[in-house]
Structure formats: C-alpha cells, structure tokens
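Pasted below: run.txt, compact mmCIF, C-alpha atoms.
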# COMPACT_ATOMS: atom_id res chain seq x y z
CA MET A 3 8.27 87.37 67.08
CA GLY A 4 7.75 87.52 70.81
CA SER A 5 6.77 84.95 73.41
CA GLY A 6 4.27 86.64 75.69
CA LEU A 7 0.51 86.47 76.07
CA GLN A 8 -0.10 88.48 72.87
CA ALA A 9 2.02 85.97 70.90
CA GLU A 10 -0.15 83.14 72.26
CA LEU A 11 -3.41 84.94 71.54
CA GLN A 12 -2.37 85.81 67.98
CA VAL A 13 -1.68 82.18 67.18
CA ALA A 14 -5.01 81.18 68.76
CA ALA A 15 -6.79 83.78 66.60
CA LEU A 16 -4.94 82.71 63.44
CA ARG A 17 -6.03 79.14 64.04
CA LEU A 18 -9.64 80.27 63.67
CA VAL A 19 -9.03 81.20 60.03
CA ARG A 20 -5.90 79.27 58.99
CA PRO A 21 -4.77 75.67 59.48
CA ILE A 22 -1.75 76.54 61.67
CA ARG A 23 0.20 73.37 62.44
CA GLN A 24 3.66 74.64 63.24
CA VAL A 25 4.96 77.79 64.93
CA ARG A 26 8.48 79.16 64.80
CA VAL A 27 9.21 81.62 67.58
CA PHE A 28 12.00 84.14 68.01
CA ALA A 29 12.24 86.02 71.29
CA ARG A 30 15.04 87.96 72.93
CA SER A 31 14.85 85.64 75.95
CA GLU A 32 15.56 82.01 75.13
CA GLU A 33 14.08 81.02 78.50
CA LYS A 34 10.77 82.74 77.65
CA ALA A 35 10.80 81.25 74.15
CA ASN A 36 11.19 77.76 75.61
CA ALA A 37 8.34 78.40 78.08
CA TYR A 38 6.21 79.58 75.14
CA ARG A 39 7.04 76.40 73.22
CA THR A 40 5.93 74.23 76.15
CA LYS A 41 2.72 76.21 76.70
CA MET A 42 1.72 76.16 73.02
CA ALA A 43 2.35 72.42 72.78
CA GLU A 44 0.33 71.67 75.92
CA LYS A 45 -2.54 74.11 75.34
CA TYR A 46 -2.90 73.94 71.54
CA GLY A 47 -1.05 70.77 70.51
CA LEU A 48 1.26 72.79 68.27
CA ASP A 49 4.79 71.96 67.22
CA VAL A 50 6.87 75.02 68.15
CA THR A 51 10.48 75.55 67.09
CA VAL A 52 12.56 78.10 69.00
CA CYS A 53 14.70 80.08 66.55
CA LYS A 54 17.89 81.98 67.25
CA SER A 55 17.13 84.87 64.87
CA ALA A 56 14.29 86.65 63.12
CA LYS A 57 15.66 85.46 59.79
CA GLU A 58 15.57 81.82 60.92
CA ALA A 59 12.01 82.22 62.24
CA CYS A 60 10.84 83.72 58.93
CA ALA A 61 12.69 81.33 56.61
CA LYS A 62 9.84 78.81 56.27
CA ALA A 63 6.96 81.00 57.42
CA HIS A 64 3.85 82.04 55.54
CA ILE A 65 2.73 84.47 58.26
CA VAL A 66 4.81 86.49 60.71
CA VAL A 67 3.28 88.31 63.65
CA THR A 68 5.42 90.68 65.69
CA THR A 69 4.18 91.07 69.26
CA THR A 70 7.12 92.70 71.02
CA PRO A 71 7.72 95.92 72.95
CA SER A 72 10.84 96.54 70.85
CA THR A 73 12.11 100.10 70.57
CA GLU A 74 14.32 99.30 67.60
CA PRO A 75 13.69 97.24 64.46
CA LEU A 76 13.98 93.50 64.89
CA LEU A 77 12.73 92.49 61.43
CA ALA A 78 14.57 93.38 58.21
CA TRP A 79 13.57 93.13 54.55
CA ASP A 80 16.23 90.45 53.99
CA ASP A 81 14.55 88.29 56.65
CA LEU A 82 11.39 87.94 54.55
CA PRO A 83 10.94 85.16 51.99
CA PRO A 84 8.69 85.71 48.96
CA GLY A 85 4.98 85.33 49.65
CA ILE A 86 5.12 86.07 53.36
CA HIS A 87 2.57 88.19 55.23
CA VAL A 88 3.72 90.29 58.20
CA THR A 89 1.39 91.65 60.86
CA ALA A 90 3.17 94.12 63.14
CA MET A 91 1.31 94.56 66.42
CA GLY A 92 3.89 95.67 68.95
CA SER A 93 4.46 99.22 67.73
CA ASP A 94 1.52 100.78 69.55
CA ASN A 95 3.42 103.68 71.07
CA ALA A 96 5.61 106.37 69.52
CA HIS A 97 8.83 104.96 71.02
CA LYS A 98 8.25 101.39 69.76
CA GLN A 99 9.38 99.99 66.40
CA GLU A 100 9.61 96.41 65.12
CA LEU A 101 10.11 96.77 61.34
CA GLU A 102 12.93 98.37 59.40
CA SER A 103 11.66 101.16 57.13
CA ASP A 104 12.65 99.31 53.95
CA ILE A 105 9.99 96.69 54.69
CA LEU A 106 7.27 99.35 54.42
CA GLU A 107 8.82 100.73 51.26
CA LYS A 108 9.47 97.42 49.46
CA ALA A 109 6.39 95.41 50.44
CA ASP A 110 3.88 94.92 47.64
CA TYR A 111 1.08 96.13 49.91
CA PHE A 112 1.10 97.93 53.24
CA VAL A 113 -2.14 97.96 55.25
CA VAL A 114 -2.80 99.93 58.44
CA ASP A 115 -5.77 99.87 60.77
CA ARG A 116 -5.85 103.67 60.71
CA LEU A 117 -3.43 105.79 58.65
CA SER A 118 -3.30 108.70 61.10
CA GLN A 119 -2.71 106.36 64.03
CA SER A 120 0.06 104.41 62.29
CA ALA A 121 1.78 107.69 61.41
CA THR A 122 1.59 108.80 65.04
CA LEU A 123 2.16 105.56 66.98
CA GLY A 124 2.90 102.73 64.57
CA GLU A 125 5.52 101.71 62.09
CA LEU A 126 4.83 104.69 59.82
CA HIS A 127 5.91 106.95 62.68
CA HIS A 128 9.50 105.76 62.15
CA PHE A 129 9.34 105.45 58.37
CA GLN A 130 12.14 107.18 56.55
CA GLY A 131 11.85 107.67 52.84
CA GLU A 132 9.19 108.50 50.31
CA PHE A 133 5.69 107.82 51.64
CA PRO A 134 4.51 104.38 50.46
CA LYS A 135 2.06 104.63 47.53
CA HIS A 136 0.78 101.11 48.14
CA ILE A 137 -0.85 101.85 51.52
CA PHE A 138 -4.45 101.01 52.44
CA GLU A 139 -6.64 101.24 55.52
CA LEU A 140 -7.94 97.88 56.76
CA GLY A 141 -11.49 99.08 57.37
CA THR A 142 -11.80 100.28 53.78
CA LEU A 143 -10.53 96.96 52.42
CA ILE A 144 -13.04 95.03 54.52
CA ALA A 145 -15.96 97.33 53.74
CA GLU A 146 -15.23 97.14 50.01
CA GLN A 147 -14.42 93.40 50.22
CA LYS A 148 -11.23 94.21 48.35
CA HIS A 149 -8.47 91.61 47.97
CA LEU A 150 -5.04 93.08 47.29
CA ARG A 151 -2.80 90.08 46.74
CA THR A 152 -2.74 88.98 43.10
CA ASP A 153 0.33 86.76 43.25
CA ASP A 154 1.40 84.17 45.82
CA MET A 155 4.92 85.63 45.85
CA GLN A 156 3.84 89.12 46.91
CA ILE A 157 4.91 90.35 50.33
CA THR A 158 2.19 92.02 52.37
CA VAL A 159 2.50 93.95 55.62
CA CYS A 160 -0.18 95.06 58.08
CA ASP A 161 0.53 97.49 60.92
CA LEU A 162 -2.05 97.17 63.69
CA THR A 163 -1.75 99.83 66.36
CA GLY A 164 -5.02 98.96 68.09
CA THR A 165 -8.24 100.67 67.13
CA GLY A 166 -10.79 99.18 69.52
CA VAL A 167 -13.98 99.97 67.60
CA GLN A 168 -12.51 98.69 64.35
CA ASP A 169 -11.11 95.59 66.05
CA THR A 170 -14.56 94.79 67.44
CA ALA A 171 -16.20 95.27 64.03
CA ILE A 172 -13.62 93.03 62.37
CA ALA A 173 -14.08 90.36 65.04
CA GLY A 174 -17.87 90.45 64.50
CA TYR A 175 -17.45 90.22 60.74
CA THR A 176 -15.03 87.29 61.10
CA ALA A 177 -17.35 85.46 63.51
CA LYS A 178 -20.25 85.90 61.08
CA ARG A 179 -18.19 84.55 58.17
CA LEU A 180 -17.09 81.56 60.24
CA ALA A 181 -20.70 80.83 61.18
CA ASP A 182 -21.89 80.93 57.53

Would you mind writing the file's structure down as structure tokens?
Amino acid sequence: MGSGLQAELQVAALRLVRPIRQVRVFARSEEKANAYRTKMAEKYGLDVTVCKSAKEACAKAHIVVTTTPSTEPLLAWDDLPPGIHVTAMGSDNAHKQELESDILEKADYFVVDRLSQSATLGELHHFQGEFPKHIFELGTLIAEQKHLRTDDMQITVCDLTGTGVQDTAIAGYTAKRLAD
C-alpha cells in the first residue's frame, strides 16, 4: 500500500530475506502507482501490478506493507486472506492510521516495535475494543529468538512506528544472519 520512496525501500529490504518476484501495489493516485510500477520494473526487474483496491492488492499476497500517510484506515480485516503478514509502517504520528481496529483484534499475533510508542503514535493509538492479548514487542521476540507463527494460515500483523536504535540493531542482526 503506497507508491512512494518508502514503498520502494520496503520491497528492496524484503528482497534481502524473501524471494520477492511480483509486487501488487495499491495507491490513492493511479498516476503515482503507474510511476512506481515503471520504476520497480526498471530498477529491480520486478513484475508490478497496479490494483484498484486494497482488497485486490491483498488477494494473492503473502506479505502486505503499508507505507502511506493515511489519516483513516485503508486496510480492513475482510481484505486479508489467510496466512498473510501485514507490516504497518505509515502510522508514525498520532493523526495517522492505516489499519481498521478489527485487524489488531482478530489477527493471530500482533507485534509492535515498542508497545508504548504504538499506543501513542501507531495503530494501537486508534484501537477501539478490548486490548489485544496476543501482542508482543519485536525486540523481545528477536532477543529470545521466538517464532510465533505455528500455522501457515495464521494472520500476523506488525506495527512499526520507527524506533531508530532498535531498527539499527535489527538491521545489524539481519546482516549478520545473511553473512553466515
């Protein structure tokens, strides 16, 4: 979701750890989505399909990354097929929101970079309902080398609001694993 620089960089980063071959993009501006498609094909050799809705973009996806400045939800629970992973990155300010609250409530696992930060700036800030019991902090999962998903049909969500020190540590850890 989204067609700016962050959407490009997220795909580039994903390609370091996953065999990404095809990208489906949904953006509010069809013109920007088409420019994104051209850039990704030229720069990364990727097949990019421009979709007319979030639901269409998610239909055949394994991973969804939201990289928008949206101030209202653009992704709904009904948009998500079984087994998908969602990383929400755009909600990094109290007025931004990309996910409907039912996604946080219904997902099998909900991971945040920092609980207090997500509750102040991220998707948890807008959450309405009983506080999710299936919530984990990313740093703890990495430090404990804990894997949450036990079934390929589980839906997982990660809300990244941007914690610079943690991001740097994760990048270093990933680089080390890739080098091994």

Select all residues near (11.1, 80.7, 69.8) (cut-off 6 Å, inclusive, file coordinates), counting all atoms listed in the file, and output them as a PyMOL selection string. chain A and resi 26-29+35+51-53

Using only C-alpha atoms, which residues sit within 7 Å of Asp94 of chain A once same-chain residues fewer than 2 positions away are excluded, as an NGL selection string? :A and (91-92 or 96 or 98 or 123-124 or 163-164)

Restricting the output to C-alpha atoms, write the selected residues as a JSON list (two decimals), keeping the file's coordinate frame.
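So the final result, stored in part.json, reads:
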[["chain", "number", "residue", "atom", "x", "y", "z"],
["A", 91, "MET", "CA", 1.31, 94.56, 66.42],
["A", 92, "GLY", "CA", 3.89, 95.67, 68.95],
["A", 96, "ALA", "CA", 5.61, 106.37, 69.52],
["A", 98, "LYS", "CA", 8.25, 101.39, 69.76],
["A", 123, "LEU", "CA", 2.16, 105.56, 66.98],
["A", 124, "GLY", "CA", 2.90, 102.73, 64.57],
["A", 163, "THR", "CA", -1.75, 99.83, 66.36],
["A", 164, "GLY", "CA", -5.02, 98.96, 68.09]]

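Proximity to Glu102 of chain A at 10 Å, evaluated using all atoms listed in the file and with sequence-adjacent residues fewer than 6 positions away removed, yields Glu74, Pro75, Leu76, Leu77, Ala78, Trp79, Glu125, His128, Phe129 and Gln130 of chain A.
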
Which residue out of A:Thr70, A:Asn95, A:Gln147, A:Thr122 has the minimum interatomic distance to Leu7 of chain A when all atoms listed in the file are used? A:Thr70

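With distances restricted to all atoms listed in the file, A:Ser72 is the closest residue to Gln99 of chain A from A:Ser120, A:Ser72, A:Thr142, A:Gln156.
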
Would you be able to write out as a VMD selection string which residues have an atom within 12 Å of (13.7, 84.4, 58.0) in the file's coordinates, counting all atoms listed in the file? chain A and resid 3 26 to 28 53 to 66 76 to 84 86 88

Can you write just those residues out, C-alpha atoms, as a short mmCIF file (atom, residue, chain, number, x, y, z; two decimals), keeping the file's coordinate frame?
data_model
loop_
_atom_site.label_atom_id
_atom_site.label_comp_id
_atom_site.auth_asym_id
_atom_site.auth_seq_id
_atom_site.Cartn_x
_atom_site.Cartn_y
_atom_site.Cartn_z
CA MET A 3 8.27 87.37 67.08
CA ARG A 26 8.48 79.16 64.80
CA VAL A 27 9.21 81.62 67.58
CA PHE A 28 12.00 84.14 68.01
CA CYS A 53 14.70 80.08 66.55
CA LYS A 54 17.89 81.98 67.25
CA SER A 55 17.13 84.87 64.87
CA ALA A 56 14.29 86.65 63.12
CA LYS A 57 15.66 85.46 59.79
CA GLU A 58 15.57 81.82 60.92
CA ALA A 59 12.01 82.22 62.24
CA CYS A 60 10.84 83.72 58.93
CA ALA A 61 12.69 81.33 56.61
CA LYS A 62 9.84 78.81 56.27
CA ALA A 63 6.96 81.00 57.42
CA HIS A 64 3.85 82.04 55.54
CA ILE A 65 2.73 84.47 58.26
CA VAL A 66 4.81 86.49 60.71
CA LEU A 76 13.98 93.50 64.89
CA LEU A 77 12.73 92.49 61.43
CA ALA A 78 14.57 93.38 58.21
CA TRP A 79 13.57 93.13 54.55
CA ASP A 80 16.23 90.45 53.99
CA ASP A 81 14.55 88.29 56.65
CA LEU A 82 11.39 87.94 54.55
CA PRO A 83 10.94 85.16 51.99
CA PRO A 84 8.69 85.71 48.96
CA ILE A 86 5.12 86.07 53.36
CA VAL A 88 3.72 90.29 58.20
#

Which residues are close to Arg116 of chain A, i.e. within 9 Å by all atoms listed in the file, leaving aside same-chain residues fewer than 5 positions away? Reply as a list in words.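 Near Arg116 of chain A, the qualifying residues are Ala121, Phe138, Glu139, Leu140, Gly141, Asp161, Leu162, Thr163, Gly164 and Thr165 of chain A.
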
Could you work out an axis-aligned bounding box for all listed atoms of segment 51-61 of chain A, with 4 Å added on each of the six sides, and give its centre and edge lengths in Å to one decimal, as lines of an AutoDock Vina configuration file?
center_x = 14.2
center_y = 81.1
center_z = 62.8
size_x = 15.4
size_y = 19.1
size_z = 20.4

With distances taken over all atoms listed in the file, which residue among A:Leu117, A:Gly4, A:Arg179, A:Arg39 lies nearest Glu100 of chain A? A:Gly4

Of the candidates A:Gly85, A:Asp104, A:Leu180, A:Ala109, which one gets nearest to Asp153 of chain A if we count only C-alpha atoms? A:Gly85

With only C-alpha atoms as the counted atoms, please give the residues lying no more than 12 Å from Ala14 of chain A, apart from itself and same-chain residues fewer than 3 positions off, as a PyMOL selection string. chain A and resi 7-11+17-23+25+42+45-48

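Taking atom CA of Leu101 of chain A and atom CA of Gly6 of chain A as the two end points, the separation is 18.5 Å.
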
d(atom CA of Thr158 of chain A, atom CA of Leu126 of chain A) in Å: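 Taking atom CA of Thr158 of chain A as the start and atom CA of Leu126 of chain A as the end point, the length is 14.9 Å.
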
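Of the residues listed (A:Ser5, A:Val159, A:Asp49, A:Gln119), A:Val159 shows the shortest atom-to-atom separation from Ser103 of chain A; distances use all atoms listed in the file.
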
Return the single residue from A:Thr152, A:Ser31, A:Val13, A:Lys108 that is closest to His136 of chain A, with distances computed using all atoms listed in the file.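 Distance minimum relative to His136 of chain A lands on A:Lys108.
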
I'd like the interatomic distance between atom CA of Thr89 of chain A and atom CA of Ile157 of chain A, to a tenth of an Å.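 Between atom CA of Thr89 of chain A and atom CA of Ile157 of chain A the gap is 11.2 Å.
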